[in-house]
$ cat work-v1.txt   # compact mmCIF, C-alpha atoms and all ligand atoms
# COMPACT_ATOMS: atom_id res chain seq x y z
CA MET A 1 0.00 0.00 0.00
CA ALA A 2 1.29 3.43 -0.85
CA ARG A 3 2.58 5.28 2.19
CA ARG A 4 2.44 9.01 2.26
CA LEU A 5 5.77 10.69 2.83
CA LEU A 6 5.86 12.33 6.20
CA THR A 7 5.53 16.04 6.50
CA ALA A 8 6.75 18.51 9.14
CA THR A 9 6.61 16.57 12.42
CA LYS A 10 5.18 13.11 12.52
CA LEU A 11 5.99 10.08 14.59
CA VAL A 12 7.24 6.96 12.92
CA SER A 13 8.32 3.70 14.43
CA ARG A 14 11.92 2.76 13.76
CA SER A 15 12.57 -0.76 14.97
CA SER A 16 16.23 -0.67 13.96
CA ILE A 17 16.97 1.98 16.58
CA GLY A 18 14.50 0.54 19.04
CA VAL A 19 12.36 3.65 19.42
CA GLY A 20 9.78 5.68 17.62
CA THR A 21 11.43 8.83 16.39
CA ILE A 22 10.42 12.06 14.86
CA HIS A 23 11.08 12.40 11.18
CA ARG A 24 11.32 16.05 10.25
CA THR A 25 11.44 16.69 6.57
CA MET A 26 11.90 20.43 6.44
CA ALA A 27 11.87 20.43 2.66
CA SER A 28 10.06 17.25 1.77
CA CYS A 29 6.47 17.59 0.75
CA GLY A 30 4.80 14.28 0.04
CA THR A 31 6.25 13.96 -3.48
CA SER A 32 7.08 10.47 -4.74
CA GLN A 33 10.20 11.72 -6.53
CA VAL A 34 13.59 11.55 -4.84
CA VAL A 35 17.19 12.39 -5.69
CA PRO A 36 19.76 9.63 -4.99
CA LYS A 37 22.41 10.76 -2.51
CA GLU A 38 25.34 10.33 -4.90
CA GLU A 39 23.50 12.46 -7.44
CA VAL A 40 23.31 15.33 -4.92
CA VAL A 41 27.05 15.02 -4.27
CA ARG A 42 27.78 14.96 -8.02
CA PHE A 43 25.64 18.03 -8.67
CA VAL A 44 27.20 20.11 -5.89
CA ARG A 45 30.72 18.99 -6.87
CA GLU A 46 30.21 19.97 -10.51
CA CYS A 47 28.73 23.36 -9.63
CA LEU A 48 31.68 24.08 -7.35
CA ARG A 49 34.18 22.89 -9.97
CA LYS A 50 32.64 25.45 -12.33
CA ALA A 51 33.14 28.06 -9.62
CA GLY A 52 36.85 27.22 -9.48
CA THR A 53 37.41 24.64 -6.72
CA SER A 54 39.42 21.44 -7.04
CA GLU A 55 37.58 18.16 -7.61
CA LYS A 56 38.52 17.10 -4.07
CA ASP A 57 37.18 20.25 -2.41
CA GLY A 58 34.02 20.10 -4.54
CA GLN A 59 33.55 16.51 -3.36
CA THR A 60 34.10 17.52 0.29
CA VAL A 61 31.42 20.21 0.11
CA GLY A 62 29.12 17.97 -1.95
CA HIS A 63 29.31 15.20 0.63
CA HIS A 64 28.69 17.70 3.42
CA LEU A 65 25.64 19.33 1.81
CA MET A 66 24.19 15.94 0.87
CA THR A 67 24.66 14.77 4.49
CA ALA A 68 22.79 17.84 5.79
CA ASP A 69 19.81 17.08 3.53
CA TYR A 70 20.08 13.34 4.23
CA SER A 71 19.78 14.00 7.97
CA GLY A 72 16.79 16.30 7.51
CA HIS A 73 18.65 19.64 7.90
CA PHE A 74 17.53 21.05 4.57
CA SER A 75 18.37 24.53 5.79
CA HIS A 76 22.08 23.69 5.52
CA GLY A 77 22.30 21.47 2.46
CA MET A 78 21.59 22.30 -1.19
CA ASN A 79 19.74 25.34 0.07
CA ARG A 80 23.16 26.95 0.64
CA LEU A 81 24.79 26.03 -2.69
CA ARG A 82 24.05 29.29 -4.50
CA MET A 83 25.59 31.26 -1.65
CA TYR A 84 28.86 29.28 -1.72
CA VAL A 85 29.11 29.52 -5.52
CA GLN A 86 28.46 33.24 -5.47
CA ASP A 87 31.13 33.77 -2.80
CA LEU A 88 33.63 31.82 -4.91
CA GLU A 89 32.73 33.62 -8.13
CA THR A 90 33.05 37.04 -6.53
CA LYS A 91 36.28 35.80 -4.89
CA ILE A 92 35.07 36.79 -1.44
CA THR A 93 35.92 33.14 -0.65
CA ASP A 94 39.19 31.80 -2.10
CA ALA A 95 38.53 28.67 -4.20
CA HIS A 96 42.23 27.72 -4.14
CA ALA A 97 43.02 28.24 -0.45
CA LYS A 98 44.36 25.34 1.56
CA PRO A 99 44.05 25.24 5.37
CA ARG A 100 47.42 25.27 7.14
CA ILE A 101 48.69 24.89 10.70
CA VAL A 102 49.90 28.12 12.32
CA ASN A 103 50.73 26.79 15.81
CA ASP A 104 51.09 23.16 16.75
CA PHE A 105 51.68 22.30 20.41
CA GLN A 106 51.08 18.68 21.38
CA ALA A 107 47.30 18.21 21.79
CA VAL A 108 46.52 21.73 20.60
CA ALA A 109 46.75 23.48 17.24
CA LEU A 110 45.73 26.73 15.59
CA VAL A 111 44.85 26.56 11.91
CA THR A 112 44.23 29.29 9.37
CA GLY A 113 41.68 28.54 6.69
CA ASP A 114 43.26 31.25 4.51
CA ASN A 115 39.72 32.24 3.56
CA GLY A 116 38.92 28.89 1.94
CA LEU A 117 35.61 27.04 1.99
CA GLY A 118 34.51 26.39 5.57
CA HIS A 119 33.68 22.72 4.96
CA VAL A 120 37.21 22.10 3.70
CA VAL A 121 38.70 23.91 6.71
CA GLY A 122 36.40 22.06 9.10
CA LYS A 123 37.28 18.63 7.73
CA PHE A 124 40.99 19.44 7.92
CA CYS A 125 40.70 20.62 11.54
CA MET A 126 38.64 17.68 12.76
CA GLU A 127 41.03 15.22 11.07
CA LEU A 128 43.85 16.94 12.94
CA ALA A 129 41.95 16.85 16.26
CA ILE A 130 41.26 13.12 15.76
CA GLU A 131 44.91 12.44 15.03
CA LYS A 132 45.89 14.27 18.23
CA ALA A 133 43.21 12.50 20.31
CA LYS A 134 44.59 9.14 19.19
CA LYS A 135 48.05 10.23 20.33
CA PHE A 136 47.32 12.32 23.44
CA GLY A 137 43.80 11.26 24.48
CA ILE A 138 42.47 14.67 23.47
CA GLY A 139 42.93 16.96 20.49
CA MET A 140 41.75 20.56 20.26
CA VAL A 141 42.06 22.67 17.15
CA THR A 142 40.83 26.20 16.58
CA ALA A 143 40.58 27.81 13.17
CA ARG A 144 40.48 31.41 12.02
CA SER A 145 40.05 32.88 8.57
CA SER A 146 37.35 30.31 7.85
CA ASN A 147 33.95 30.52 6.21
CA HIS A 148 30.45 29.11 6.80
CA TYR A 149 31.10 25.41 7.48
CA GLY A 150 27.61 23.91 7.30
CA ILE A 151 26.19 21.54 9.92
CA CYS A 152 28.27 21.05 13.06
CA GLY A 153 27.10 17.47 13.34
CA TYR A 154 29.13 16.49 10.28
CA TYR A 155 32.40 17.07 12.14
CA THR A 156 31.36 15.45 15.42
CA ARG A 157 30.24 12.41 13.42
CA MET A 158 33.77 12.14 12.01
CA ALA A 159 35.11 11.70 15.56
CA MET A 160 32.25 9.41 16.61
CA ASP A 161 33.01 7.10 13.70
CA GLN A 162 36.47 6.62 15.22
CA GLY A 163 35.11 5.75 18.70
CA LEU A 164 35.86 9.26 19.99
CA ILE A 165 33.73 12.02 21.49
CA GLY A 166 33.48 14.86 18.99
CA PHE A 167 32.83 18.52 19.74
CA THR A 168 32.70 21.52 17.46
CA CYS A 169 31.30 25.03 17.41
CA THR A 170 31.53 28.06 15.12
CA ASN A 171 30.83 31.74 15.31
CA THR A 172 28.65 33.23 12.59
CA SER A 173 27.47 36.60 11.30
CA PRO A 174 25.76 38.62 14.05
CA MET A 175 22.04 38.01 14.11
CA MET A 176 21.19 37.13 17.72
CA ALA A 177 19.42 39.78 19.76
CA ALA A 178 21.36 39.92 23.02
CA THR A 179 18.97 39.65 25.99
CA ARG A 180 17.39 43.07 26.76
CA SER A 181 18.56 44.36 23.39
CA LYS A 182 17.21 44.72 19.87
CA GLY A 183 20.73 44.86 18.47
CA LYS A 184 22.72 42.05 16.87
CA GLY A 185 25.42 41.01 19.35
CA LEU A 186 26.38 37.46 18.42
CA GLY A 187 25.68 34.91 15.70
CA THR A 188 23.55 31.81 15.75
CA ASN A 189 26.77 30.23 17.11
CA PRO A 190 25.90 26.53 16.82
CA LEU A 191 27.61 23.71 18.69
CA SER A 192 27.63 19.94 18.54
CA LEU A 193 28.78 17.14 20.82
CA GLY A 194 28.44 13.47 20.01
CA MET A 195 29.38 10.09 21.44
CA THR A 196 28.56 6.54 20.36
CA ALA A 197 27.46 4.02 22.99
CA SER A 198 28.71 0.43 23.22
CA ASP A 199 25.52 -0.97 21.67
CA GLY A 200 25.64 1.40 18.67
CA ASP A 201 23.13 3.84 20.18
CA ARG A 202 24.35 7.43 20.31
CA PHE A 203 23.92 10.91 21.69
CA HIS A 204 24.48 13.45 18.92
CA LEU A 205 23.53 16.96 19.88
CA ASP A 206 23.75 19.57 17.12
CA MET A 207 22.07 22.91 17.72
CA ALA A 208 22.16 26.61 17.10
CA THR A 209 22.23 28.73 20.25
CA THR A 210 19.47 30.88 18.78
CA ALA A 211 15.90 29.58 18.95
CA VAL A 212 16.36 28.43 15.32
CA ALA A 213 18.88 28.70 12.50
CA LEU A 214 18.15 31.43 9.89
CA GLY A 215 17.86 28.71 7.23
CA LYS A 216 14.61 27.57 8.85
CA ILE A 217 13.10 31.01 8.29
CA GLU A 218 14.27 30.84 4.65
CA LEU A 219 12.51 27.48 4.34
CA ALA A 220 9.31 28.95 5.82
CA ILE A 221 9.47 31.62 3.10
CA THR A 222 9.99 28.94 0.42
CA LYS A 223 6.93 27.15 1.75
CA LYS A 224 5.04 30.46 2.18
CA GLU A 225 4.44 29.72 5.86
CA PRO A 226 4.49 31.92 9.01
CA ILE A 227 7.05 31.22 11.76
CA PRO A 228 6.17 30.38 15.37
CA PRO A 229 6.39 33.22 17.93
CA GLY A 230 9.72 33.22 19.81
CA TRP A 231 11.94 32.57 16.77
CA ALA A 232 12.73 36.11 15.69
CA MET A 233 12.09 39.82 16.03
CA GLY A 234 10.55 41.90 13.25
CA SER A 235 11.50 45.28 11.84
CA ASP A 236 9.61 46.96 14.74
CA GLY A 237 11.90 45.30 17.31
CA LYS A 238 9.08 43.04 18.54
CA VAL A 239 8.60 39.27 18.26
CA THR A 240 7.13 38.42 14.84
CA THR A 241 5.50 35.47 13.08
CA ASP A 242 5.94 37.00 9.60
CA SER A 243 8.69 34.92 7.95
CA GLU A 244 9.49 37.57 5.28
CA ASP A 245 9.84 40.34 7.86
CA ALA A 246 11.88 38.04 10.13
CA TYR A 247 14.24 37.19 7.28
CA LYS A 248 14.65 40.82 6.23
CA THR A 249 15.34 41.87 9.83
CA SER A 250 17.50 38.78 10.58
CA LEU A 251 17.30 39.38 14.32
CA LEU A 252 16.88 35.98 15.95
CA MET A 253 15.95 35.31 19.57
CA PRO A 254 18.48 33.44 21.69
CA LEU A 255 17.61 29.85 22.64
CA GLY A 256 14.90 30.26 25.29
CA GLY A 257 13.42 33.37 23.67
CA GLU A 258 12.80 36.44 25.80
CA GLU A 259 14.26 37.06 29.29
CA GLN A 260 11.13 35.71 31.07
CA THR A 261 11.63 32.36 29.33
CA SER A 262 15.38 32.17 30.11
CA GLY A 263 16.66 33.54 26.79
CA TYR A 264 19.73 34.75 28.67
CA LYS A 265 20.88 31.10 28.84
CA GLY A 266 20.96 30.87 25.04
CA PHE A 267 22.76 34.21 24.99
CA GLY A 268 25.30 32.82 27.49
CA LEU A 269 25.82 29.64 25.44
CA ALA A 270 26.43 31.71 22.29
CA LEU A 271 29.01 33.74 24.18
CA MET A 272 30.66 30.52 25.36
CA VAL A 273 30.94 29.45 21.71
CA GLU A 274 32.46 32.82 20.86
CA VAL A 275 35.16 32.37 23.53
CA LEU A 276 36.19 29.05 21.93
CA CYS A 277 35.99 30.45 18.38
CA GLY A 278 36.74 34.10 17.60
CA ILE A 279 38.37 34.93 20.93
CA LEU A 280 40.68 31.89 21.06
CA SER A 281 41.59 31.74 17.36
CA GLY A 282 42.11 35.46 16.71
CA GLY A 283 39.46 35.58 13.98
CA GLN A 284 36.55 38.04 14.00
CA PHE A 285 34.21 37.93 16.98
CA GLY A 286 30.71 39.02 18.02
CA PRO A 287 29.33 42.11 16.26
CA ASN A 288 32.65 42.53 14.40
CA VAL A 289 31.95 39.52 12.17
CA ARG A 290 30.67 40.71 8.78
CA GLN A 291 26.92 40.95 8.30
CA TRP A 292 25.21 37.90 6.77
CA LYS A 293 25.73 37.81 2.98
CA ASP A 294 27.95 40.92 3.08
CA LYS A 295 29.76 40.78 -0.25
CA LYS A 296 32.45 43.31 0.58
CA ARG A 297 34.31 41.76 3.50
CA VAL A 298 35.75 38.30 4.02
CA ALA A 299 34.09 36.35 6.84
CA ASP A 300 37.21 35.41 8.89
CA LEU A 301 35.13 33.10 11.07
CA GLY A 302 36.52 31.33 14.12
CA GLN A 303 35.81 27.65 14.72
CA CYS A 304 36.69 25.06 17.35
CA PHE A 305 37.08 21.28 17.03
CA MET A 306 37.72 18.72 19.77
CA ALA A 307 38.14 14.98 19.76
CA ILE A 308 38.35 13.06 23.04
CA ASN A 309 39.25 9.42 23.51
CA PRO A 310 36.95 8.12 26.28
CA GLU A 311 39.27 5.14 26.84
CA ALA A 312 42.00 7.56 27.93
CA PHE A 313 39.96 8.11 31.13
CA GLY A 314 39.59 4.38 31.77
CA PRO A 315 37.22 1.71 30.52
CA GLY A 316 33.42 1.63 30.53
CA SER A 317 32.29 5.06 29.25
CA GLN A 318 30.56 3.70 26.19
CA GLU A 319 28.82 0.99 28.26
CA ARG A 320 27.68 3.64 30.75
CA LEU A 321 26.33 5.81 27.94
CA SER A 322 24.42 2.83 26.61
CA ILE A 323 22.80 2.30 30.05
CA LEU A 324 21.98 6.00 30.42
CA LEU A 325 20.35 6.27 27.00
CA LYS A 326 18.24 3.17 27.73
CA GLN A 327 17.19 4.66 31.09
CA LEU A 328 16.22 7.95 29.46
CA ARG A 329 14.33 6.30 26.63
CA SER A 330 12.33 4.21 29.11
CA LEU A 331 11.24 7.07 31.38
CA PRO A 332 7.46 7.31 31.68
CA PRO A 333 6.23 9.23 28.62
CA ALA A 334 4.28 12.42 29.27
CA THR A 335 2.41 12.14 25.96
CA ASP A 336 1.77 9.46 23.36
CA LYS A 337 5.09 10.36 21.76
CA PRO A 338 8.25 8.39 22.60
CA ILE A 339 11.19 9.95 24.46
CA LEU A 340 14.01 10.86 22.11
CA VAL A 341 17.63 11.74 22.62
CA ALA A 342 19.52 14.21 20.49
CA GLY A 343 20.40 12.68 17.14
CA ASP A 344 17.25 10.52 16.89
CA PRO A 345 15.36 12.81 14.47
CA GLU A 346 18.37 12.87 12.15
CA ARG A 347 18.71 9.07 12.25
CA ALA A 348 15.04 8.67 11.39
CA ALA A 349 15.43 11.08 8.48
CA MET A 350 18.41 9.07 7.18
CA GLU A 351 16.53 5.80 7.48
CA ARG A 352 13.65 7.26 5.52
CA VAL A 353 15.99 8.43 2.75
CA ASP A 354 17.57 4.96 2.61
CA GLU A 355 14.16 3.33 2.39
CA ASN A 356 13.11 5.69 -0.39
CA GLY A 357 16.35 5.39 -2.35
CA GLY A 358 17.00 9.12 -2.23
CA ILE A 359 16.34 12.52 -0.74
CA SER A 360 12.88 14.06 -1.06
CA TYR A 361 13.16 17.78 -1.87
CA HIS A 362 10.45 20.41 -1.89
CA PRO A 363 9.36 21.05 -5.52
CA ASN A 364 10.46 24.69 -5.21
CA GLN A 365 13.95 23.57 -4.25
CA LEU A 366 14.08 21.08 -7.14
CA LYS A 367 12.97 23.81 -9.54
CA ASP A 368 15.62 26.14 -8.17
CA ALA A 369 18.30 23.44 -8.57
CA GLU A 370 17.22 22.87 -12.17
CA GLU A 371 17.48 26.58 -12.96
CA PHE A 372 20.85 26.70 -11.24
CA ALA A 373 22.09 23.71 -13.25
CA GLU A 374 21.30 25.59 -16.44
CA GLN A 375 22.95 28.74 -15.15
CA MET A 376 26.10 26.82 -14.18
CA GLY A 377 26.14 24.65 -17.33
CA VAL A 378 26.06 21.36 -15.41
CA GLU A 379 23.87 18.29 -15.80
CA PRO A 380 20.68 18.78 -13.69
CA MET A 381 20.10 16.38 -10.80
CA LYS A 382 18.41 13.15 -11.85
CA VAL A 383 15.14 12.55 -10.04
CA VAL A 384 13.91 8.98 -9.58
CA PRO A 385 10.66 7.50 -8.23
CA ALA A 386 10.72 6.87 -4.47
CA LYS A 387 10.83 3.18 -3.54
CA ILE A 388 8.18 3.72 -0.84
CA HIS A 389 5.47 6.30 -1.46
N1 LIG B 1 27.24 26.86 10.17
C1 LIG B 1 26.38 27.70 10.66
O1 LIG B 1 26.57 28.90 10.57
C2 LIG B 1 25.14 27.21 11.35
C3 LIG B 1 24.40 28.10 12.09
C4 LIG B 1 23.25 27.65 12.74
C5 LIG B 1 22.88 26.32 12.64
N2 LIG B 1 23.63 25.46 11.90
C6 LIG B 1 23.21 24.05 11.77
O2 LIG B 1 21.83 23.99 11.50
C7 LIG B 1 21.31 22.75 11.94
C8 LIG B 1 20.00 22.97 12.62
O3 LIG B 1 20.17 23.60 13.90
P1 LIG B 1 18.94 23.73 14.88
O4 LIG B 1 19.35 24.41 16.12
O5 LIG B 1 17.80 24.30 14.12
O6 LIG B 1 18.63 22.18 15.21
P2 LIG B 1 17.28 21.49 15.73
O7 LIG B 1 16.52 22.42 16.59
O8 LIG B 1 16.60 20.89 14.58
O9 LIG B 1 17.86 20.29 16.63
C9 LIG B 1 18.69 20.56 17.72
C10 LIG B 1 19.04 19.27 18.44
O10 LIG B 1 17.91 18.78 19.15
C11 LIG B 1 17.72 17.39 18.89
N3 LIG B 1 16.27 17.13 19.02
C12 LIG B 1 15.28 17.53 18.19
N4 LIG B 1 14.09 17.14 18.67
C13 LIG B 1 14.34 16.48 19.83
C14 LIG B 1 13.50 15.84 20.83
N5 LIG B 1 12.19 15.80 20.71
N6 LIG B 1 14.10 15.27 21.88
C15 LIG B 1 15.45 15.29 22.02
N7 LIG B 1 16.29 15.89 21.13
C16 LIG B 1 15.73 16.47 20.06
C17 LIG B 1 18.27 17.18 17.51
O11 LIG B 1 18.64 15.83 17.32
C18 LIG B 1 19.47 18.13 17.52
O12 LIG B 1 20.59 17.49 18.08
C19 LIG B 1 22.40 22.13 12.80
O13 LIG B 1 23.01 21.10 12.06
C20 LIG B 1 23.41 23.25 13.02
O14 LIG B 1 24.76 22.82 13.15
C21 LIG B 1 24.75 25.87 11.27
$ encode --input "work-v1.txt" --output "structure tokens"
Amino acid sequence: MARRLLTATKLVSRSSIGVGTIHRTMASCGTSQVVPKEEVVRFVRECLRKAGTSEKDGQTVGHHLMTADYSGHFSHGMNRLRMYVQDLETKITDAHAKPRIVNDFQAVALVTGDNGLGHVVGKFCMELAIEKAKKFGIGMVTARSSNHYGICGYYTRMAMDQGLIGFTCTNTSPMMAATRSKGKGLGTNPLSLGMTASDGDRFHLDMATTAVALGKIELAITKKEPIPPGWAMGSDGKVTTDSEDAYKTSLLMPLGGEEQTSGYKGFGLALMVEVLCGILSGGQFGPNVRQWKDKKRVADLGQCFMAINPEAFGPGSQERLSILLKQLRSLPPATDKPILVAGDPERAAMERVDENGGISYHPNQLKDAEEFAEQMGVEPMKVVPAKIH
């Protein structure tokens, strides 16, 4: 029997991970057409090649953007391709830059991205942190002169795949309203920490320190939908539900929203990220980072990457995590929805893509990709019927 593709927020049972999980398809829309994952990577790689990158760097970004869409974070996948290409074409990002180590002291290193693509810088830094963690038990790398590096979870997953705890965070263009202010003080400053448990279960937190990432407001515009109250302020300096006005104003609420609902904690977390990123690396920080999509200044973002070997502290951490996750998942539910841990929605999204044989994009995004293919002179993405409708 045909099964309707899930929209926005719907519960599905996922026996392979032992829980029901939320599948959030920010851009999927019930279409029975999907794009195979390797086709997404190919398309992004070819567009970036046309914009001047090497095959290898194009592949790195392609794999990253595909992974964002694969895990349900459509705000940070193909949705961002035009922006990266434009930055390369206008040379505000250097297509030929190679990240290099500036300071290297045992478990710690400082890297400059030399204004290259953020995904390339991020991969380089996390590989270095992993190498150090294997040698010293912990590796910590900060980067400056970097660019927008996509989803944080991509880098933590690199460490998790090696049996390590991964951590990363980045500063971003200022768009968070500091508590008690209607001015932009800090960015959406996302962070991620992940660890795999002994039974293959995992905790994989990946979150902006604003109530939402700006990309989610862009997606609401694409879908012609309002945004929930508490996400952003409008042009009048008050909380708005108008997605267009919110995007134009680009003044997001910190995680927690206004002061009465503990927004100052999100503000504090974003400042913590800034300490590890711009302050530690010597890149731009806080309101000094260029405005979002500013075409005149380089971004010079600061980023932080950590890999930690749990075995360096003694045995049993992964077993303990496995017990803890089981205990949390089996707490008495407050509603008819199952208890999730961070990373579950993304796993469910990936399972769904695997079942369908590809990623389900919103028709507007597919149309945009087709137009972009023509503009870039590359083969458009091949769309195939979904295996399960
Ligand atoms: N590079 C950048 O400049 C930048 C800026 C902002 C955000 N981002 C990325 O955007 C993506 C989206 O960020 P976001 O803050 O909107 O994420 P989100 O709100 O969708 O999810 C945040 C975290 O909560 C977990 N989660 C969701 N529902 C849950 C539930 N019911 N129970 C338990 N855990 C649950 C998720 O697994 C995730 O780890 C992230 O990948 C982030 O790294 C990047």
$ residues_around --input "work-v1.txt" --residues "range 224-228 of chain A" --least-positions-apart "4" --cutoff "8 Å" --atoms "all atoms listed in the file" --output "PyMOL selection string"
chain A and resi 217+220+240-243
$ residues_near_ligand --input "work-v1.txt" --ligand "ligand LIG 1 (chain B)" --cutoff "8 Å" --atoms "all atoms listed in the file" --output "JSON, numbers by chain"
{"A": [22, 68, 73, 75, 76, 148, 149, 150, 151, 152, 153, 154, 170, 171, 172, 173, 187, 188, 189, 190, 191, 192, 204, 205, 206, 207, 208, 209, 210, 211, 212, 213, 214, 215, 216, 339, 340, 341, 342, 343, 344, 345, 346]}
$ write_last_selection --input "work-v1.txt" --atoms "C-alpha atoms" --output "PDB file, keeping the file's coordinate frame"
ATOM      1  CA  ILE A  22      10.420  12.060  14.860  1.00  0.00           C
ATOM      2  CA  ALA A  68      22.790  17.840   5.790  1.00  0.00           C
ATOM      3  CA  HIS A  73      18.650  19.640   7.900  1.00  0.00           C
ATOM      4  CA  SER A  75      18.370  24.530   5.790  1.00  0.00           C
ATOM      5  CA  HIS A  76      22.080  23.690   5.520  1.00  0.00           C
ATOM      6  CA  HIS A 148      30.450  29.110   6.800  1.00  0.00           C
ATOM      7  CA  TYR A 149      31.100  25.410   7.480  1.00  0.00           C
ATOM      8  CA  GLY A 150      27.610  23.910   7.300  1.00  0.00           C
ATOM      9  CA  ILE A 151      26.190  21.540   9.920  1.00  0.00           C
ATOM     10  CA  CYS A 152      28.270  21.050  13.060  1.00  0.00           C
ATOM     11  CA  GLY A 153      27.100  17.470  13.340  1.00  0.00           C
ATOM     12  CA  TYR A 154      29.130  16.490  10.280  1.00  0.00           C
ATOM     13  CA  THR A 170      31.530  28.060  15.120  1.00  0.00           C
ATOM     14  CA  ASN A 171      30.830  31.740  15.310  1.00  0.00           C
ATOM     15  CA  THR A 172      28.650  33.230  12.590  1.00  0.00           C
ATOM     16  CA  SER A 173      27.470  36.600  11.300  1.00  0.00           C
ATOM     17  CA  GLY A 187      25.680  34.910  15.700  1.00  0.00           C
ATOM     18  CA  THR A 188      23.550  31.810  15.750  1.00  0.00           C
ATOM     19  CA  ASN A 189      26.770  30.230  17.110  1.00  0.00           C
ATOM     20  CA  PRO A 190      25.900  26.530  16.820  1.00  0.00           C
ATOM     21  CA  LEU A 191      27.610  23.710  18.690  1.00  0.00           C
ATOM     22  CA  SER A 192      27.630  19.940  18.540  1.00  0.00           C
ATOM     23  CA  HIS A 204      24.480  13.450  18.920  1.00  0.00           C
ATOM     24  CA  LEU A 205      23.530  16.960  19.880  1.00  0.00           C
ATOM     25  CA  ASP A 206      23.750  19.570  17.120  1.00  0.00           C
ATOM     26  CA  MET A 207      22.070  22.910  17.720  1.00  0.00           C
ATOM     27  CA  ALA A 208      22.160  26.610  17.100  1.00  0.00           C
ATOM     28  CA  THR A 209      22.230  28.730  20.250  1.00  0.00           C
ATOM     29  CA  THR A 210      19.470  30.880  18.780  1.00  0.00           C
ATOM     30  CA  ALA A 211      15.900  29.580  18.950  1.00  0.00           C
ATOM     31  CA  VAL A 212      16.360  28.430  15.320  1.00  0.00           C
ATOM     32  CA  ALA A 213      18.880  28.700  12.500  1.00  0.00           C
ATOM     33  CA  LEU A 214      18.150  31.430   9.890  1.00  0.00           C
ATOM     34  CA  GLY A 215      17.860  28.710   7.230  1.00  0.00           C
ATOM     35  CA  LYS A 216      14.610  27.570   8.850  1.00  0.00           C
ATOM     36  CA  ILE A 339      11.190   9.950  24.460  1.00  0.00           C
ATOM     37  CA  LEU A 340      14.010  10.860  22.110  1.00  0.00           C
ATOM     38  CA  VAL A 341      17.630  11.740  22.620  1.00  0.00           C
ATOM     39  CA  ALA A 342      19.520  14.210  20.490  1.00  0.00           C
ATOM     40  CA  GLY A 343      20.400  12.680  17.140  1.00  0.00           C
ATOM     41  CA  ASP A 344      17.250  10.520  16.890  1.00  0.00           C
ATOM     42  CA  PRO A 345      15.360  12.810  14.470  1.00  0.00           C
ATOM     43  CA  GLU A 346      18.370  12.870  12.150  1.00  0.00           C
TER      44      GLU A 346
END
$ residues_near_point --input "work-v1.txt" --point "(46.5, 9.3, 30.2)" --cutoff "7 Å" --atoms "only C-alpha atoms" --output "list in words"
Gly137, Ala312 and Phe313 of chain A
$ atom_distance --input "work-v1.txt" --atom1 "CA of Lys132 in chain A" --atom2 "CA of Thr168 in chain A"
15.1 Å
$ closest_residue --input "work-v1.txt" --among "A:Arg82, A:Met158, A:Glu355, A:Asp245" --to "Glu371 in chain A" --atoms "all atoms listed in the file"
A:Arg82
$ residues_near_point --input "work-v1.txt" --point "(25.4, 19.4, -2.9)" --cutoff "6 Å" --atoms "all atoms listed in the file" --output "list in words"
Val40, Val41, Phe43, Val44, Gly62, Leu65, Met66 and Met78 of chain A
$ residues_around --input "work-v1.txt" --residues "Leu128 in chain A" --least-positions-apart "4" --cutoff "10 Å" --atoms "all atoms listed in the file" --output "ChimeraX atom specification"
/A:101,107-109,111,122-124,132-133,139-141,305-307
$ closest_residue --input "work-v1.txt" --among "A:Ile323, A:Leu301, A:Val35, A:Ile138" --to "His362 in chain A" --atoms "only C-alpha atoms"
A:Val35
$ atom_distance --input "work-v1.txt" --atom1 "CA of Asn147 in chain A" --atom2 "CA of Ile165 in chain A"
24.0 Å
$ atom_distance --input "work-v1.txt" --atom1 "CA of Thr222 in chain A" --atom2 "CA of Glu46 in chain A"
24.7 Å
$ residues_around --input "work-v1.txt" --residues "Asp236 in chain A" --least-positions-apart "6" --cutoff "12 Å" --atoms "all atoms listed in the file" --output "list in words"
Lys182, Gly183, Asp242, Asp245, Ala246, Lys248, Thr249 and Leu251 of chain A
$ closest_residue --input "work-v1.txt" --among "A:Ser146, A:Thr53, A:Thr67, A:Gln86" --to "Pro36 in chain A" --atoms "all atoms listed in the file"
A:Thr67
$ closest_residue --input "work-v1.txt" --among "A:Gly113, A:Pro385, A:Pro363, A:Pro287" --to "His96 in chain A" --atoms "only C-alpha atoms"
A:Gly113
$ closest_residue --input "work-v1.txt" --among "A:Pro333, A:Gly72, A:Gly302, A:Gly194" --to "Ser281 in chain A" --atoms "all atoms listed in the file"
A:Gly302
